[in-house]
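Shown next, in C-alpha cells, is the structure this report addresses.
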Amino acid sequence: MKKFPPLFKGFPQFAHGGDYNPDQWWHDTPDIVDQDMAFARAAKCNTFSVGIFSWGEWEPEEGKFDFSRLDALMDRMAAEGNHVLLATPSAAFPNWMVNKYPQIAKMTSNGVRTPLAGRHCHCWRSPIYREKVTIINTKLAQRYGRHPALAGWHISNEYNTACYCPLCTEAFRNWLKSRYGTLEELNRAWWMRFWSHTYTRWEQVQPGLNCSDGLALDWFRFTTEQICDFMRHEIVPLKQYSDRPVTTNMMGYYPGVDYWRIAEVCDFIADDRYPGWTDLKDFPGTAARAAFCHDMHRAMKKRPWLLMESTPSNLNWQPYYRLKRPGLHRAEELLAVAHGADGVMYFQFRKGRGGSEKMHGAVVDHARSTGTRVFRDVAEVGETLEKIRPVLGTSTVPEVAVVFDWDAMTALNVSGGPSQSRKLVMETILAHYRALWELNIPADVIESRSDFSGYKLVIAPMLYALHPGVAGRIREFVENGGVWVSTYLTAYVNETNLCFLDGFPGGGLREVFGLWNEELDGLTPEDRQFITPAEDNMLGWTGRGEVADFAERIHPEGAEVLGVYGSDFYAGEPALTVNAFGRGFAYYQAARCDGKFLHDFYERLAAKHGVKTLLKTPPGIHVMLREGDGEKYLFFFNFQPKVQSFPLDGITGTEMVTGERVEKAMTLPAFGSAVVRLD
Amino acid sequence: MKKFPPLFKGFPQFAHGGDYNPDQWWHDTPDIVDQDMAFARAAKCNTFSVGIFSWGEWEPEEGKFDFSRLDALMDRMAAEGNHVLLATPSAAFPNWMVNKYPQIAKMTSNGVRTPLAGRHCHCWRSPIYREKVTIINTKLAQRYGRHPALAGWHISNEYNTACYCPLCTEAFRNWLKSRYGTLEELNRAWWMRFWSHTYTRWEQVQPGLNCSDGLALDWFRFTTEQICDFMRHEIVPLKQYSDRPVTTNMMGYYPGVDYWRIAEVCDFIADDRYPGWTDLKDFPGTAARAAFCHDMHRAMKKRPWLLMESTPSNLNWQPYYRLKRPGLHRAEELLAVAHGADGVMYFQFRKGRGGSEKMHGAVVDHARSTGTRVFRDVAEVGETLEKIRPVLGTSTVPEVAVVFDWDAMTALNVSGGPSQSRKLVMETILAHYRALWELNIPADVIESRSDFSGYKLVIAPMLYALHPGVAGRIREFVENGGVWVSTYLTAYVNETNLCFLDGFPGGGLREVFGLWNEELDGLTPEDRQFITPAEDNMLGWTGRGEVADFAERIHPEGAEVLGVYGSDFYAGEPALTVNAFGRGFAYYQAARCDGKFLHDFYERLAAKHGVKTLLKTPPGIHVMLREGDGEKYLFFFNFQPKVQSFPLDGITGTEMVTGERVEKAMTLPAFGSAVVRLD
Amino acid sequence: MKKFPPLFKGFPQFAHGGDYNPDQWWHDTPDIVDQDMAFARAAKCNTFSVGIFSWGEWEPEEGKFDFSRLDALMDRMAAEGNHVLLATPSAAFPNWMVNKYPQIAKMTSNGVRTPLAGRHCHCWRSPIYREKVTIINTKLAQRYGRHPALAGWHISNEYNTACYCPLCTEAFRNWLKSRYGTLEELNRAWWMRFWSHTYTRWEQVQPGLNCSDGLALDWFRFTTEQICDFMRHEIVPLKQYSDRPVTTNMMGYYPGVDYWRIAEVCDFIADDRYPGWTDLKDFPGTAARAAFCHDMHRAMKKRPWLLMESTPSNLNWQPYYRLKRPGLHRAEELLAVAHGADGVMYFQFRKGRGGSEKMHGAVVDHARSTGTRVFRDVAEVGETLEKIRPVLGTSTVPEVAVVFDWDAMTALNVSGGPSQSRKLVMETILAHYRALWELNIPADVIESRSDFSGYKLVIAPMLYALHPGVAGRIREFVENGGVWVSTYLTAYVNETNLCFLDGFPGGGLREVFGLWNEELDGLTPEDRQFITPAEDNMLGWTGRGEVADFAERIHPEGAEVLGVYGSDFYAGEPALTVNAFGRGFAYYQAARCDGKFLHDFYERLAAKHGVKTLLKTPPGIHVMLREGDGEKYLFFFNFQPKVQSFPLDGITGTEMVTGERVEKAMTLPAFGSAVVRLD
C-alpha cells in the first residue's frame, strides 16, 4: 500500500499539541502567548486547537467583533512554525446571546429550556442560533481561511444530546414523514396499536414516549441526523472561504450519537480519548478499550486520523485522580499512533485557574514549570514523534473486522428486555475485540453497513437488529468464503425494532448459521453454567467457557456442534456451532463466555482459517503494525506494571528512538513501549 | 362444604388461556385468528382476555366506532367453544383523545400532566374521560353483553396510582369533609398544630405534604376510594346491558391500593402473579409468596378465584430474564389451583412484535411454533387441568388466618420512623405466613376488618395501626377461646396515625396481651441479639431465635414469659409471652426472629392448640387441600431443585393425571407436582 | 481565669430541659401543662424552648392574635422557677399566610416555589414575610421581653437552605456589586471566560451555574449572609423591647451555612447534637465527633455555650432506631458539659402524637410515665447537673487549635476535582481532631480568620483555599515560635477559588513550609501506599502510616524530611516534613494517613514541642478539663462498651456526684462517666 498524505497539507510531521485557550488569560497576562510558545518549543508541541468556547471573546456584544488578539496569535503561530485547528465557537453561546434570545436554548424532554447547563445548551434548529453561527463562522473563515498557520477547522466540540423543543419535534415529524410516508406505515413500523398508541394525526407524534422501542430507536437516529445537519450548516461558510479540512472531535463509543454518520461529514477523523488507568487489576483491558476506538477511527476513512484530546496527567472528572505511572503516558500516546493516529494532542496545553476543569491535567501546570514530571513526559512524546516521523502516512489493512453498530446496540438498549439489569452490548463487543488485541491480530472496527468483502473474518457480537440488506450481505460474504462469527442475541429485530417472526436468528440468517435459537436464558449472578468441547470438533477446541448473563437454547439445522452446555437442564445441548455455508463458515456462540474462552476460540479460529497474528506474546504485551511504501513499523507495548521479555520469532529491525538493533528477543520495562522499523 | 358453581356460568372447566391482542396483528395479518385458534386447541386454551388496551381500535376517531373485527372474533370464539373476558379499554386512552382533551391526563404531585407515560395516564374524575368511558362501555355492553362467548367483563387493567389535579384535590377535600366534618376535627386527627400546619380553610388542604403522616394515610385511602369510584362508574352500563360478572386484575400485595376495597366492587377476584423464580437459594420462598396472594384472593370472597395473568416463560421487566426450569411452570400454575384458583391464564397468548413487552414470555412465540418447550409446558398444564376437572368448585376452609392490613402497613410506612431504613411490614407478614406454608397448615389471608370468629388461630404481625373496633374484636376473639399472635410494633397508633397514650400495645390491647411495651430498640445489622426459652414454658418451646431489626423491651402485666432475650443490656428480659385471657390465649413476639424460629414456634403452637397440619414434610415440599361435596383433593409440590421422597402418614388416594395409586410414600422430581384424589 | 457569668442572667444553674410544645396539646388536653410541670420537677428540668413552630397558634388568622395560653404558660413557668427560651416562630409560616401570599415561599433552583415542604419554606427577602415577622416578633417582645420566666430568645430554628427567587437573585447581584465593583472584576475573579461564560450585564448573573466554582463558592457565602441578614432583621424588635440574650440553634458542622458568621449575630452559642451511636465498632469515634462540635462552640465566643437539642432516646430520622445503652445518655450529655456547655436540653420534652417526629425520643413518652428507663436517665442527668453546679461558668483555654474553615471546605467541595468520589475535608479534619481527643489534649476548633496567636500548636488539615491575609498570619505565627501543621491539598486556591500560580502550597506558604508540591496522586481503593520514617528524623517518629485517597509528590526546599513514601514509583520521596521557620516549625503531611499514624504523630509532636496532655489513658477513655476562679474540674469518660481501669498519674480529687475520693487509679463501667473536683 501507498503512504497517505499528511493530515494537514504541507505539514509532514506528527501533530503534537493541544487545546489552547490564551483568551482566558490575555486580558490579565498580556505576555501569555510568549510564555506558552517557549513551553511549546520545549515540549516539541506544534499544533493547537484554538477558540473552542471563545464566542464571547470574538463577539463580546451582538454584532461587535474583535479579532485583534486572534490575528496576533495566528501570525505568531505561523512565525513559530506551528499549526492551528481553529474552532467554530458554537459549543457554548455567549451569555448576552441567550439573555437576548432565550429561544436558542435547548429544551429537555420535560419541556424546560436549559440555558444554565454550562455548554452544549443550544437547540439544533433555532433559526436565530443558526444565523448567528453562520455570521461568526463566515467571519472566521473569511479572516483565517487561508492563513498560513491554519491546519484545519475544529467544528464545535464534542457534539451531543438531543433537543425536544417544538422546532425539533416538528423536524422529527417531517423526518418521519419522509421515512415512512404515512401514519399507517409509521403505526405498523413502530407497532403502535400496542396500548392504543395508534397515531391518527402527525401532531400526536412526540419524542419521549419511552414504552415505544420503535420510536426510541428512530429518535436516536434523528438526533444523530440533527447533529449532522447542524454540522453541515456550520461548514458551509468554511468551505466557501477556506481550503482547509474540517473535523469535529468524537468521543469513542459514546452511545448518544452514531459517529459513522458524523464521519461522513468530516474530512478527517478526530477523537478524544481518556483511558484513565484506574483499573489496577487490568491495565491491558484499559489499553484494549482505547485501541478499539483507535481501530474504529482508522477504519472510518481507512486512513490515519487525529487524537484530538488526551490528558498528559490525571483527570479531574473521574472518581479517582490517579497519576499516570512512569511510561504510561508515552505508551498511551504511542498506542494511538500504532493504531493509526498521525497526531496526538492534549486537553489542554495550559491549565486554567478557575472553572470546572481547573484541576484537569495539562502540559503547563499552574506552577508554570518545565520541571514537572508531566512536562517531561510530554516532551519525551514530542521527541519520540520526531524520531518516528517515517511512520507518518502509513496505515494498517487488517484481515479481520469487528462489527460495532450503533443502531443495533441502541435497538437492544431501548427495548423492554431481555434482562433489564444487563444489556451488555458494548461490554461484549469489547471482550471479543480484546481477544484479537491480545493475540496481536490487527482488526478494523466497522458497522453493519460497512463493506465486508475485504476481510477474511468478521465478528459481529450481539447484532440484535438488522438493517435492510445486512442479512443478505452476510450470506453473500460467507458464501464467498468468508468466516463470520455471531453470538446470542443476534438478529432478533428488524430496522424498526420489530421482532422477526420466523425464528431467531431472523431475516434469513437461520439458514446461514444452520440453526434455530428457541429461547434465551438470562442468568442471575448465582447461576452456574459452562460450555465444554464437543468430541472431535472441527475447530479442535479444548478447554472450557464460563457462561454468564446469557445462554440461548439452540437447535442445529445443519450446523456442526463445537461445544455443548455443561450443566443445568440444557446440559449437553449445543452452545457453540459452525455452519459450512457456500465456501465459508458461519460460527455461532450461543452463550456469553469469559475472556479466556474468547482468547482460545479466536486463537483456534485464526489457526484454522489462516488469519495472521503479528506475534505470539505474553499477557499484557501488545504488538501492532503500520506499513506503507514498502516499509513496515512494528509497535511494542508492555501494559503490565512489571518488566517483561519475550522472543521475537524471527522479527528483526531497528528501534527508532534508541537506534538499537532488535532481534531474537525484546525486553520492555513496566509500561514500556518501542517502535521498530522492520528490516 | 358444597362445591361452588363455576366462575363463568355454564362453563364447568378450569379457565386456561390468556390476554389476547389480535388487534395488534389483524390489519397486517388477516388470518391471525385462524392461526391462533389452532394454537389454542393444541394448548387446550379456552379463555381469552380481549381488548384490554384497544380503545383506539374500537373508536379510531372520536365518535366513529368500528366493531366489525371484534364481532367476528366473538363469533369465532363462540364457535370454538371458547370464552372471552371482554375488557373495558379505559386503561389507555387513544392518542386522539388526549390530543383533543389534554385535561383527561393524570397530574403528578408537582402539577405536571403526564399524557406520555404509556398507560394508566388518566385522571380519575375528569368528566370528559368518564363520559367517554360510559360511551364505549355502553357500546360494548349493548353489543356483547349477552354474547354466547362472553364469560365476563375485565374492567380496565391493573388500576393504580393517584391523580393530583384540581378536580381530584377537590374530591379529596370533600371526602375529608364527609369523614371529619370540621377543619377543627381534621386538625386534631392529623395533629396539624405540628409545625404550624393548622388548616384554617379547606382550600389549604393539599395532598403531597409529606411530613403529615395523617394526611399521607388518608391520601392512600382516598386513592383507593377514587379507583373504586371510577370502577363503579365503569360498571354501570355493563350491569345495565349484560348479565355476566365483572372483575379487574389485582397485583397481589401491591402497596398502592387497598384491594379489599376493590374486591367489594368485583363479582369475583382476579389476580396477576409473576413469581420470577430468580432467587436460586430459596425457591420455596418464592412459591410461598405467591401462595400468600392466592390465599388472600380465596379469602376475599371465600370462594374460588381466577389467576388472570402469569407468564408461560421468562419476564422482560425483571432484572434477570431467567427461563423457568422444567416442571416449574406446571408447579407454579397448579400452586394457584391448589390455593383456590379455578382458572389460570397468561400474559400473553401471542407475543407482540414491538412495544415494551415484546420480549415478555407468551404461549405463542415469535417463531410461531408448537414445538417450543414453553408451548409444550403450557399444553401440559391444559391437559392437567382437564384431568383434574373434578377439583373445580371445591375450596378450603382454614383454621388459621394471617392478617395483612393495607391501612396498618401504610400507616407505618408513611410514618417518620422508627428506623427509616427498615419498615419491613410486608417482609414480616410473609415470614409468618411462610412458616404455616412450610408446615402445610392451610391459612386464609385476611384484613383487620375481617370476621375473626371462624378461626382457631389468628396471626397479625406488625399491626401498627388499629381501626376503630379492632381492639374490641381481638379481645372478644380471645375471650371466646381464640388463639391470637401479635408482634413488636403492634397497636402504636389509631386510625388517623395518632399514637396511643396509655402504653403500647394501645387501644385496650395491653390488657389482652397482659404486658406493657416500654420501648423499641432498632438494631443495626451489626447488633447481635437472640432469644432463648424460659424454663418450663407453657409452649414447651426449646431452641433459639436470632433477632434482627426490632426488639421491644416489654413488661409482663399478667402474661407468662415463654422466651427471654439472650444478650445486651436487656438480657434475661421477656421477649416472647402468652397471656391466658378469657378462654383463649394472646401471644406476643417482642422481637423480630428468623424463619427457623417462626417455623418452630408455629409448630409448637399448632400442637398445643390443636391446629391441624395436612402432613409433615421435608423442606421445600408443600401440601394443600381443596374439598367440596365430600371429595378431597390433595396437591403436592416439590419446590426444591432435586428429587425428594417422603412418607404419606396414612394418606391414600389416586394421582389424577397419571392415574397411579398413592399410598405410603411419595416421590417428586425437582419442581414436581401432583394432585391426589383422596380415598 | 475567671468564671463566666451564667448564660441566663440571675439563673446560676445548668440549664436542663427541652423543646416544649404544649400548644400541640392544650386544645384537647387542658391540663397538659399541669401534667408536664410534674414531670419536669421529677426530672429536674428547669428550662424550656417554647413556641418554635407556633405561629399559627399565636396568630390563627391574619392580624388576629391570641396569647392567652402563652401568658398562662409563662406565668406558670415563672411560678415553677423555670426559665423559657421563647422562640420567634419564623421557621414555619401558618397555612393561611402562604395561602394568601404565595410569594413568601422559597424558590428552588429550578424556579419552583415550595410551600408544601413542611418547614424552612420561606424566602429570605420577601418584604411581606419580613413584615409579618416584625409584627409577630414585636408582639412577643413587647409582651414577654421582660417576663421573669424569660431566659432568652430562640430565633427561628435550624436556619438553612437557599432561596433562588428573583428577589434573592437580585440581592445576590447587589452583594456581588459591592464585593467586586465591576463585571470585569467579577469575570476575572470567577474565571468567566471559561466556556464563554463572560458576563456583559449584571442581569446575566444567575445562581445555579454549576460549572463555575467561583460562583458556587460565593453563592454559599451569600446564602450565609442572607440568613444572617434575616436573623438581624428578626432581632430588631427583640432588642428594642427586651433585655434578654438571643441565639439560634446551629447544627454542628452542617455544610450549608458558615456558622462563624451566624455566631457573630448571636449573644451566646447554641447547638443541636445527635450522635446516634450506631457505629458499634467505634463508639469513641462518635463521641469525638460530638466533642469536635462542642470545642468549636466553646471557641466561637471563648465562653460556655448551650446544648439546645439532643435526644433522650432513639432517633426516628436515622437509618436505625437504636436505643442508647445504659450510661450512654449521661456520658453524652456530660461530654457536652466537659467541653464547655453550661446547659443540656432535649428535643423534646413531650413526645407528640402525630406528625413526622412522633417517634423521636422524648423525656415524656406517649405512655406518660416516670417509670421508663429513658425518664430515669434524664432525671439522673438532672441530678448530676445539680451536684456539679460549681463547674458552671468555668471553661477551658487550650494550647492547641484545629482549623475547620467553611469557606475552604466549600471551595474544594464545589470544585471540579480532584477525585470526584472523595473530597473528604470534614473526615480529614475530624481525624486530626480525634487524635488530640484520644491524647486528652484540649483543643479549640477555630476558622482560618480566627486569631492564632494564643496557641502553641495549630493544625489546619486540607486548608484548600486561603482568605486574603491568612498566609501572612500563618507565616507570622510560625515566625513567632508557633507550631503549624498542614496537609496535602493546602493552599491550592485563593479566596475566589482561582488556583495559585507559583507552586502549591501557594500564596507565599511554599517558603513557610520549605517545599514545593509538584503533583497530587488520587489513590483508588486498590492502591497500596504507606509512609515510613526518615532515619534520625527530628521528631523521633517511628512506625508507619497507611496511605489512602491522597498523596502528593513534594520537593523539599529547605524542609527536613521526617517520613518518606514506601512504595510505588515515588517510593523514597518525602511524605512528611518539617520546616524550621523563624522561631517556629511548619509541618507538612503530604499524604492522607490512618488514625493510628495521626495518634502517634501528635503524641510525638506534643512531646517535642511541650504541648500538655491531661492524662495518658487507654483507648476509649477520654479526659477533659474545665477551670475557673482557681478551681479545676476533670471529666472522665469511658466510651468503650466494657469496664476499664487506668492509673491517674498523680491526679487526686473528689468525684462530685458520689463524693468518693479519687486517687491513684480510676475504674469506669461501660459508658461510664465521672466529674472530679481536683484538689
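Scheme for the C-alpha cells: letters A, B, ... for chains in order shown; per-chain residue numbers from 1; ligand numbers from 1 in order shown.
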Legend entry - chain C contacts to chain B at 7 Å (only C-alpha atoms) as a PyMOL selection string: chain C and resi 24+53-56+92-96+99+116-119+278+316-323+353-357+359+366-367+372
Pro641 (chain C): which residues within 10 Å, counting only C-alpha atoms, same-chain residues fewer than 5 positions away excluded, as a PDB file with all heavy atoms, in the first residue's frame?
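part_9.pdb was written with the following content:
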```pdb
ATOM      1  N   LEU C 280     -21.205   0.576  65.999  1.00  0.00           N
ATOM      2  CA  LEU C 280     -20.866  -0.278  67.144  1.00  0.00           C
ATOM      3  C   LEU C 280     -19.385  -0.570  67.238  1.00  0.00           C
ATOM      4  O   LEU C 280     -18.874  -0.939  68.293  1.00  0.00           O
ATOM      5  CB  LEU C 280     -21.617  -1.611  67.053  1.00  0.00           C
ATOM      6  CG  LEU C 280     -23.118  -1.556  66.824  1.00  0.00           C
ATOM      7  CD1 LEU C 280     -23.734  -2.870  67.211  1.00  0.00           C
ATOM      8  CD2 LEU C 280     -23.753  -0.420  67.571  1.00  0.00           C
ATOM      9  N   LYS C 281     -18.691  -0.426  66.124  1.00  0.00           N
ATOM     10  CA  LYS C 281     -17.257  -0.728  66.149  1.00  0.00           C
ATOM     11  C   LYS C 281     -16.457   0.455  66.670  1.00  0.00           C
ATOM     12  O   LYS C 281     -15.266   0.335  66.913  1.00  0.00           O
ATOM     13  CB  LYS C 281     -16.787  -1.088  64.739  1.00  0.00           C
ATOM     14  CG  LYS C 281     -17.452  -2.335  64.187  1.00  0.00           C
ATOM     15  CD  LYS C 281     -16.729  -2.808  62.923  1.00  0.00           C
ATOM     16  CE  LYS C 281     -17.522  -3.888  62.225  1.00  0.00           C
ATOM     17  NZ  LYS C 281     -18.710  -3.316  61.515  1.00  0.00           N
ATOM     18  N   ASP C 282     -17.074   1.597  66.801  1.00  0.00           N
ATOM     19  CA  ASP C 282     -16.291   2.779  67.146  1.00  0.00           C
ATOM     20  C   ASP C 282     -17.121   3.809  67.911  1.00  0.00           C
ATOM     21  O   ASP C 282     -17.388   4.893  67.408  1.00  0.00           O
ATOM     22  CB  ASP C 282     -15.714   3.389  65.847  1.00  0.00           C
ATOM     23  CG  ASP C 282     -14.720   4.492  66.154  1.00  0.00           C
ATOM     24  OD1 ASP C 282     -14.232   4.573  67.293  1.00  0.00           O
ATOM     25  OD2 ASP C 282     -14.437   5.294  65.233  1.00  0.00           O
ATOM     26  N   PHE C 283     -17.497   3.493  69.133  1.00  0.00           N
ATOM     27  CA  PHE C 283     -18.179   4.481  69.967  1.00  0.00           C
ATOM     28  C   PHE C 283     -17.301   5.705  70.235  1.00  0.00           C
ATOM     29  O   PHE C 283     -17.792   6.833  70.201  1.00  0.00           O
ATOM     30  CB  PHE C 283     -18.632   3.842  71.290  1.00  0.00           C
ATOM     31  CG  PHE C 283     -19.743   2.855  71.143  1.00  0.00           C
ATOM     32  CD1 PHE C 283     -19.488   1.490  71.101  1.00  0.00           C
ATOM     33  CD2 PHE C 283     -21.068   3.283  71.036  1.00  0.00           C
ATOM     34  CE1 PHE C 283     -20.510   0.574  70.954  1.00  0.00           C
ATOM     35  CE2 PHE C 283     -22.096   2.357  70.894  1.00  0.00           C
ATOM     36  CZ  PHE C 283     -21.821   1.009  70.849  1.00  0.00           C
ATOM     37  N   PRO C 284     -15.991   5.510  70.498  1.00  0.00           N
ATOM     38  CA  PRO C 284     -15.174   6.709  70.716  1.00  0.00           C
ATOM     39  C   PRO C 284     -15.202   7.663  69.520  1.00  0.00           C
ATOM     40  O   PRO C 284     -15.175   8.882  69.696  1.00  0.00           O
ATOM     41  CB  PRO C 284     -13.767   6.137  70.953  1.00  0.00           C
ATOM     42  CG  PRO C 284     -14.021   4.757  71.485  1.00  0.00           C
ATOM     43  CD  PRO C 284     -15.232   4.272  70.752  1.00  0.00           C
ATOM     44  N   ARG C 325     -27.608   2.719  75.055  1.00  0.00           N
ATOM     45  CA  ARG C 325     -27.271   1.722  76.060  1.00  0.00           C
ATOM     46  C   ARG C 325     -27.067   2.409  77.416  1.00  0.00           C
ATOM     47  O   ARG C 325     -26.714   3.601  77.469  1.00  0.00           O
ATOM     48  CB  ARG C 325     -26.005   0.963  75.635  1.00  0.00           C
ATOM     49  CG  ARG C 325     -26.277  -0.319  74.847  1.00  0.00           C
ATOM     50  CD  ARG C 325     -27.216  -0.156  73.702  1.00  0.00           C
ATOM     51  NE  ARG C 325     -27.704  -1.426  73.165  1.00  0.00           N
ATOM     52  CZ  ARG C 325     -28.714  -1.540  72.321  1.00  0.00           C
ATOM     53  NH1 ARG C 325     -29.383  -0.486  71.896  1.00  0.00           N
ATOM     54  NH2 ARG C 325     -29.085  -2.735  71.883  1.00  0.00           N
ATOM     55  N   PRO C 326     -27.258   1.682  78.524  1.00  0.00           N
ATOM     56  CA  PRO C 326     -27.137   2.288  79.850  1.00  0.00           C
ATOM     57  C   PRO C 326     -25.825   3.044  80.033  1.00  0.00           C
ATOM     58  O   PRO C 326     -24.750   2.518  79.696  1.00  0.00           O
ATOM     59  CB  PRO C 326     -27.225   1.083  80.799  1.00  0.00           C
ATOM     60  CG  PRO C 326     -28.077   0.104  80.059  1.00  0.00           C
ATOM     61  CD  PRO C 326     -27.692   0.271  78.614  1.00  0.00           C
ATOM     62  N   GLY C 327     -25.929   4.237  80.543  1.00  0.00           N
ATOM     63  CA  GLY C 327     -24.752   5.065  80.765  1.00  0.00           C
ATOM     64  C   GLY C 327     -24.491   6.041  79.636  1.00  0.00           C
ATOM     65  O   GLY C 327     -23.894   7.102  79.833  1.00  0.00           O
ATOM     66  N   LEU C 328     -24.926   5.666  78.462  1.00  0.00           N
ATOM     67  CA  LEU C 328     -24.569   6.450  77.282  1.00  0.00           C
ATOM     68  C   LEU C 328     -25.239   7.821  77.285  1.00  0.00           C
ATOM     69  O   LEU C 328     -24.640   8.823  76.849  1.00  0.00           O
ATOM     70  CB  LEU C 328     -24.961   5.650  76.038  1.00  0.00           C
ATOM     71  CG  LEU C 328     -24.136   5.805  74.769  1.00  0.00           C
ATOM     72  CD1 LEU C 328     -22.653   5.973  75.031  1.00  0.00           C
ATOM     73  CD2 LEU C 328     -24.359   4.609  73.853  1.00  0.00           C
ATOM     74  N   GLY C 620     -10.407   4.688  74.197  1.00  0.00           N
ATOM     75  CA  GLY C 620     -11.814   4.831  74.559  1.00  0.00           C
ATOM     76  C   GLY C 620     -12.036   5.652  75.809  1.00  0.00           C
ATOM     77  O   GLY C 620     -13.140   6.102  76.063  1.00  0.00           O
ATOM     78  N   PRO C 669     -17.284   1.920  84.475  1.00  0.00           N
ATOM     79  CA  PRO C 669     -18.032   0.861  83.784  1.00  0.00           C
ATOM     80  C   PRO C 669     -18.204   1.223  82.305  1.00  0.00           C
ATOM     81  O   PRO C 669     -17.812   2.306  81.878  1.00  0.00           O
ATOM     82  CB  PRO C 669     -19.383   0.875  84.502  1.00  0.00           C
ATOM     83  CG  PRO C 669     -19.527   2.268  85.019  1.00  0.00           C
ATOM     84  CD  PRO C 669     -18.128   2.742  85.342  1.00  0.00           C
ATOM     85  N   ALA C 670     -18.774   0.311  81.562  1.00  0.00           N
ATOM     86  CA  ALA C 670     -19.077   0.581  80.150  1.00  0.00           C
ATOM     87  C   ALA C 670     -19.870   1.879  80.051  1.00  0.00           C
ATOM     88  O   ALA C 670     -20.837   2.062  80.790  1.00  0.00           O
ATOM     89  CB  ALA C 670     -19.892  -0.567  79.561  1.00  0.00           C
ATOM     90  N   PHE C 671     -19.439   2.778  79.208  1.00  0.00           N
ATOM     91  CA  PHE C 671     -20.095   4.072  79.003  1.00  0.00           C
ATOM     92  C   PHE C 671     -20.198   4.890  80.295  1.00  0.00           C
ATOM     93  O   PHE C 671     -21.086   5.731  80.425  1.00  0.00           O
ATOM     94  CB  PHE C 671     -21.472   3.887  78.378  1.00  0.00           C
ATOM     95  CG  PHE C 671     -21.446   3.101  77.090  1.00  0.00           C
ATOM     96  CD1 PHE C 671     -22.298   2.013  76.895  1.00  0.00           C
ATOM     97  CD2 PHE C 671     -20.560   3.424  76.065  1.00  0.00           C
ATOM     98  CE1 PHE C 671     -22.270   1.282  75.719  1.00  0.00           C
ATOM     99  CE2 PHE C 671     -20.529   2.693  74.878  1.00  0.00           C
ATOM    100  CZ  PHE C 671     -21.387   1.608  74.718  1.00  0.00           C
ATOM    101  N   GLY C 672     -19.280   4.628  81.218  1.00  0.00           N
ATOM    102  CA  GLY C 672     -19.316   5.360  82.478  1.00  0.00           C
ATOM    103  C   GLY C 672     -18.714   6.751  82.355  1.00  0.00           C
ATOM    104  O   GLY C 672     -17.931   7.036  81.446  1.00  0.00           O
TER     105      GLY C 672
END
```
Selection near Asp444 (chain C), 6 Å with only C-alpha atoms, sequence-local residues under 6 positions removed, as a PDB file with N, CA and C atoms, in the first residue's frame:
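Below is the file that was written, around_26.pdb:
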```pdb
ATOM      1  N   ASP C 295     -16.189  21.771  71.025  1.00  0.00           N
ATOM      2  CA  ASP C 295     -14.999  22.615  71.132  1.00  0.00           C
ATOM      3  C   ASP C 295     -15.075  23.808  70.192  1.00  0.00           C
ATOM      4  N   ALA C 299     -15.215  27.653  71.432  1.00  0.00           N
ATOM      5  CA  ALA C 299     -14.211  28.564  70.870  1.00  0.00           C
ATOM      6  C   ALA C 299     -14.847  29.771  70.187  1.00  0.00           C
ATOM      7  N   ALA C 401      -5.146  24.454  68.541  1.00  0.00           N
ATOM      8  CA  ALA C 401      -6.362  24.730  67.775  1.00  0.00           C
ATOM      9  C   ALA C 401      -6.366  23.893  66.509  1.00  0.00           C
TER      10      ALA C 401
END
```
Inset, instruction - Do a neighbour search on His147 (chain C) at 9 Å with only C-alpha atoms, toss out local chain neighbours closer than 5 positions, and write the hits as number ranges by chain. - result: C: 74-75, 78, 242
Legend entry - Option closest in space to Tyr20 (chain A), from A:Tyr602, A:Phe452, A:Phe172, A:Phe347 [counting only C-alpha atoms]: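 Result for the nearest residue to Tyr20 (chain A): A:Phe347.
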Inset, instruction - Report the distance between CA of Pro461 (chain C) and CA of His599 (chain C) in Å, rounded to one decimal place. - result: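 Spanning CA of Pro461 (chain C) to CA of His599 (chain C) is a straight-line distance of 14.6 Å.
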Inset, instruction - Apply DSSP to the structure's backbone, then extract all residues of region 218-440 of chain A labelled strand (DSSP E or B) and return them as a list of chain:residue names. - result: A:Val246, A:Thr247, A:Asn249, A:Met250, A:Ala270, A:Asp271, A:Asp272, A:Trp305, A:Leu306, A:Leu307, A:Met308, A:Glu309, A:Ala341, A:Asp342, A:Gly343, A:Val344, A:Met345, A:Tyr346, A:Arg350, A:Val364, A:Ser395, A:Val400, A:Ala401, A:Val402, A:Val403
Inset, instruction - List every residue of region 80-195 of chain A that DSSP, applied to the backbone of this structure, places in alpha helix (DSSP H), and write the result as number ranges by chain. - result: A: 80, 95-100, 127-144, 166-180, 183-189
Legend entry - Between CA of Pro255 (chain A) and CA of Tyr164 (chain A) - distance in Å to one decimal: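 Straight-line distance from CA of Tyr164 (chain A) to CA of Pro255 (chain A) works out to 18.3 Å.
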Inset, instruction - Give me, please, the distance in Å between CA of Gly17 (chain A) and CA of Ser156 (chain A), quoted to one decimal. - result: 18.4 Å
Legend entry - Exercise: Pro304 (chain B) partners within 12 Å, only C-alpha atoms, chain neighbours under 3 positions left out, as a PyMOL selection string: chain B and resi 3-8+14-15+267-271+294-301+307+336-344+391-397+626-628
Inset, instruction - Pick out the residues sitting within 12 Å of Tyr241 (chain C), and hand them over as a PyMOL selection string; count only C-alpha atoms, and ignore anything fewer than 3 positions along from it in its own chain. - result: chain C and resi 137-147+153+235-238+244-245
